[in-house]
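A.B. asks: Once you've had a glance at the structure underneath, I'll fire off some questions.
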Amino acid sequence: MNMQTQPEQTVVRATDPNWWKGGVIYQIYPRSFQDSNGDGIGDLPGITQRLPYIASLGVDAIWISPFFKSPMKDFGYDVSDYRDVDPMFGTLDDFAELLKTAHNLGLRVMIDLVLSHSSDQHPWFAASRASRDNEKSDWYVWADAQPDGTPPNNWLSIFGGSAWQWDTRREQYYLHNFLTTQPDLNFHCPDVQDALLDVARFWLDLGVDGFRLDTINFYFHDAQLRSNPVLSADARNASIAPSVNPYNYQDHLYSKNQPENLVFLERLRALCDEYDDRACLGEVGDAQRGLEIMGEYTSGSKRMHMCYAFEFLESKPLTAAYVKQVFDRLDAVAPEAWACWAFSNHDVMRFASRWTLSDAALRTHIALMMCLRGSACLYQGEELGLEEADVAFEDLQDPYGIEFWPEFKGRDGCRTPMVWETQSENAGFGADKTWLPVSPAQAAMAVDRQEADPDALLHHYRRAIALRKAHPALSLGETTWMDASGTVLSMIREYNGVELLCVLNLADQPATTTLPAGNWISVADGLGGQAPQGALAPWGFIIAQKKDA
């Protein structure tokens, strides 16, 4: 089925200030979703064309990765104009049409705001680097060299090397936590905060339903520029940066995660609260204290609505013990936090490949996600079971991958074009020459082929999302009990007196378990769930509601 030929439906979008809580959000990487004009790059009209397909999944919202004006050194995460659309993606009118179409289909729209840094081609940076005494001279993080000419401290960039770049105009270093072409804004400057809040207001006035806020814990740096301490080898992990990156050797105590950030987040939340039904999703990137920071950033009603978690984006498989470990720690350090879980995104290897999962395993993993307390993010194509694409070195676009090749191949493998029609040129994405090559292996799993197969993974995703929405205990409830026994993860979700039992065998071998006492009736027959019993098939799961005896 070619989804673009379906007539547009109009759906009345209900007013609900808590739509985000337990909601399912579909992430779109615009360069790779749908090319509408034949230039080999996805764009906003292409997204609009495919919105009926997204709505058919049953998700609550879309999150669109950056589409602002940019020199594209980091593919849009280096912004040169926060208030306009880059011509490769379209125009502000195209965005308005996308917004209108999404809302008519009952979809909310979140956009990706990158506030921690801009492009070095942003007019603000051009002004700031011009002299040490102009009105924007302190809008970025500038510091003198040490007496021997070396950088001000030992801070490292996630993309490799020092986080400081020498600038000959000011004869000072500027801070960049990412590429040298992504200078960090100075949030200690009140004018910077005000300017960025004005950016948020601009998009809220246009009608966006919320923001996914990139690298939210990087906004502030230590004003004293103290060097980060060494991180012991046994405390390192590769959840934020690959293991080959020396960024993992430091405890980033001073280069991010500063307490002043909380005050700014409250200002941003207060702005969003001036509008109806808006939501803020903050991305917390920290390999050691991510859950604690999530708790700080989502506590109460004056900060972020939810935070994007990295715990399930690691290479470490989702064993029953690991999932329970994460939730035990969350309960210990951030019991009131509201997480947004994801298994894949535009920065990590697709989870079908990362964890080497079979079709049965993929089905159980989405069932698991729909059972977890928190909100959920799906990354484009995961509903098709797409594996990581194999991108040759000569085709690489990602500077991160080019820098750390071959031990780390970068992020291009998860960013290849979406596959729509198996037999069409470039699997229906468009154009003779695409910005990244279309994967033949992925093309064989295209949307049209799965639409025609009632047993395909795509339909399983739809049914899993529908199950979550049909049972508030799954989307909104508390987790009153969780247990990990061997390969079996069990939990009870409860909402307004209704209890749902979720039991999942996270392995390719049969398992046995003891169900909690009660009269449990399966609610997941249409999803392939088993009847409530002690024997579980490989990758078998039970989702059942407690009924009065």
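Quick note on naming: the chains in the structure tokens go A, B, ... in the order shown, residues restart at 1 in each chain, and ligands are numbered from 1 in order of appearance.
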Residues near Leu44 of chain A, anyone? I mean within 7 Å using only C-alpha atoms, not counting same-chain ones fewer than 5 positions away, as number ranges by chain.
C.D. replies: A: 89-90, 94-95, 98
A.B. asks: If DSSP is run on the backbone, what residues of segment 3-161 of chain A are alpha helix (DSSP H)? A reply as a PyMOL selection string would be ideal.
C.D. replies: chain A and resi 44-56+92-104+123-128
A.B. asks: Hey, what's within 9 Å of Tyr82 of chain A if we count only C-alpha atoms and toss same-chain stuff fewer than 2 positions away? As a ChimeraX atom specification, please?
C.D. replies: /A:68-69,79-80,84-85,113-114,118,196,199
A.B. asks: Taking only C-alpha atoms into account, name the residue in A:Leu268, A:Leu213, A:Ala102, A:Leu457 that is nearest to Ser358 of chain A.
C.D. replies: A:Leu457
A.B. asks: Which one of A:Asp331, A:Glu311, A:Glu382, A:Glu388 sits closest to Ser353 of chain A if you count only C-alpha atoms?
C.D. replies: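 Among A:Asp331, A:Glu311, A:Glu382, A:Glu388, it is A:Glu388 that comes nearest to Ser353 of chain A.
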A.B. asks: How close does each residue of segment 87-180 of chain A get to segment 18-39 of chain A, giving the shortest atom pair and distance in Å to one decimal for every residue with an atom at most 9 Å away, counting only C-alpha atoms, sorted by chain and residue number, as a Markdown table?
C.D. replies:
| residue | atom | partner | partner_atom | distance |
| --- | --- | --- | --- | --- |
| A:Met88 | CA | A:Asp39 | CA | 8.4 |
| A:Phe89 | CA | A:Pro30 | CA | 7.7 |
| A:Arg108 | CA | A:Ile25 | CA | 9.0 |
| A:Met110 | CA | A:Ile25 | CA | 8.9 |
A.B. asks: What does the distance between atom CA of Leu197 of chain A and atom CA of Arg269 of chain A come to in Å, to one decimal place?
C.D. replies: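 The value is 10.1 Å.
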A.B. asks: Let me make sure I understand: among A:Ala376, A:Leu368, A:Val284, A:Cys307, which one has the smallest atom-to-atom distance to Gly540 of chain A if we use only C-alpha atoms?
C.D. replies: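 Using only C-alpha atoms, the shortest distance to Gly540 of chain A belongs to A:Leu368.
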A.B. asks: Give the answer as one residue: which of A:Asn154, A:Trp420, A:Ala241, A:Tyr140 has the shortest atom-to-atom distance to Asp191 of chain A, using only C-alpha atoms?
C.D. replies: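 Under the stated criterion, the closest residue is A:Tyr140.
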A.B. asks: Would you mind listing what lies within 9 Å of Glu403 of chain A as an mmCIF file with N, CA and C atoms, in the first residue's frame, with only C-alpha atoms counted and same-chain residues fewer than 5 positions away left out?
C.D. replies:
data_model
loop_
_atom_site.group_PDB
_atom_site.id
_atom_site.type_symbol
_atom_site.label_atom_id
_atom_site.label_comp_id
_atom_site.auth_asym_id
_atom_site.auth_seq_id
_atom_site.Cartn_x
_atom_site.Cartn_y
_atom_site.Cartn_z
ATOM 1 N N PHE A 159 33.301 15.194 20.574
ATOM 2 C CA PHE A 159 33.702 14.811 19.219
ATOM 3 C C PHE A 159 35.209 14.648 19.067
ATOM 4 N N GLY A 160 35.932 14.676 20.180
ATOM 5 C CA GLY A 160 37.363 14.415 20.143
ATOM 6 C C GLY A 160 38.205 15.647 20.392
ATOM 7 N N ASP A 398 29.065 11.567 8.549
ATOM 8 C CA ASP A 398 29.131 11.961 9.950
ATOM 9 C C ASP A 398 30.569 12.261 10.374
ATOM 10 N N PHE A 408 34.835 2.993 15.773
ATOM 11 C CA PHE A 408 33.496 3.556 15.884
ATOM 12 C C PHE A 408 33.126 4.103 14.519
ATOM 13 N N LYS A 409 32.050 3.587 13.936
ATOM 14 C CA LYS A 409 31.700 3.936 12.563
ATOM 15 C C LYS A 409 30.748 5.115 12.460
ATOM 16 N N GLY A 410 30.473 5.738 13.602
ATOM 17 C CA GLY A 410 29.632 6.922 13.558
ATOM 18 C C GLY A 410 28.149 6.605 13.519
#
A.B. asks: Neighbours of Asn519 of chain A within 12 Å (only C-alpha atoms; same-chain residues fewer than 4 positions away dropped), as a count of residues only?
C.D. replies: 13
A.B. asks: Between atom CA of Met306 of chain A and atom CA of Cys340 of chain A, what is the distance in Å, rounded to a tenth?
C.D. replies: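 Between atom CA of Met306 of chain A and atom CA of Cys340 of chain A the gap is 6.4 Å.
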A.B. asks: Would you please work out which residue, of A:Ala361, A:Ala337, A:Val447, A:Leu175, is nearest to His117 of chain A when using only C-alpha atoms?
C.D. replies: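 Of the candidates, the smallest distance to His117 of chain A is held by A:Leu175.
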A.B. asks: Using only C-alpha atoms for the distances, tell me which of A:Val263, A:Cys189, A:Ala287, A:Leu156 is nearest to Ser227 of chain A.
C.D. replies: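 The shortest atom-to-atom distance to Ser227 of chain A comes from A:Leu156.
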A.B. asks: Would you list the contacts of Gly207 of chain A as number ranges by chain, taking every protein, DNA or RNA residue within 12 Å and counting only C-alpha atoms, but skipping same-chain residues closer than 5 positions in sequence?
C.D. replies: A: 95-100, 102-103, 108-111, 200-202, 272, 275-278
A.B. asks: List as JSON, numbers by chain the protein and nucleic acid residues near Arg303 of chain A, meaning an atom at most 6 Å away when only C-alpha atoms are counted, but skip any in the same chain fewer than 4 places from it.
C.D. replies: {"A": [265, 266, 269, 297, 298]}
A.B. asks: Going by DSSP on the backbone, which residues of segment 23-55 of chain A come out as strand (DSSP E or B)? List them as a short mmCIF file (atom, residue, chain, number, x, y, z; two decimals) with N, CA, C and O atoms, in the first residue's frame.
C.D. replies:
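Now in out28.cif:
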data_model
loop_
_atom_site.label_atom_id
_atom_site.label_comp_id
_atom_site.auth_asym_id
_atom_site.auth_seq_id
_atom_site.Cartn_x
_atom_site.Cartn_y
_atom_site.Cartn_z
N VAL A 24 3.32 8.21 23.45
CA VAL A 24 4.27 7.59 22.53
C VAL A 24 4.62 8.62 21.47
O VAL A 24 3.74 9.17 20.80
N ILE A 25 5.91 8.89 21.33
CA ILE A 25 6.42 9.94 20.44
C ILE A 25 7.25 9.29 19.34
O ILE A 25 8.09 8.43 19.62
N TYR A 26 7.02 9.71 18.11
CA TYR A 26 7.72 9.14 16.95
C TYR A 26 8.76 10.14 16.47
O TYR A 26 8.43 11.25 16.05
N GLN A 27 10.03 9.74 16.55
CA GLN A 27 11.11 10.65 16.14
C GLN A 27 11.34 10.58 14.64
O GLN A 27 11.52 9.50 14.06
N ILE A 28 11.41 11.77 14.02
CA ILE A 28 11.69 11.90 12.60
C ILE A 28 13.03 12.59 12.42
O ILE A 28 13.26 13.69 12.95
#
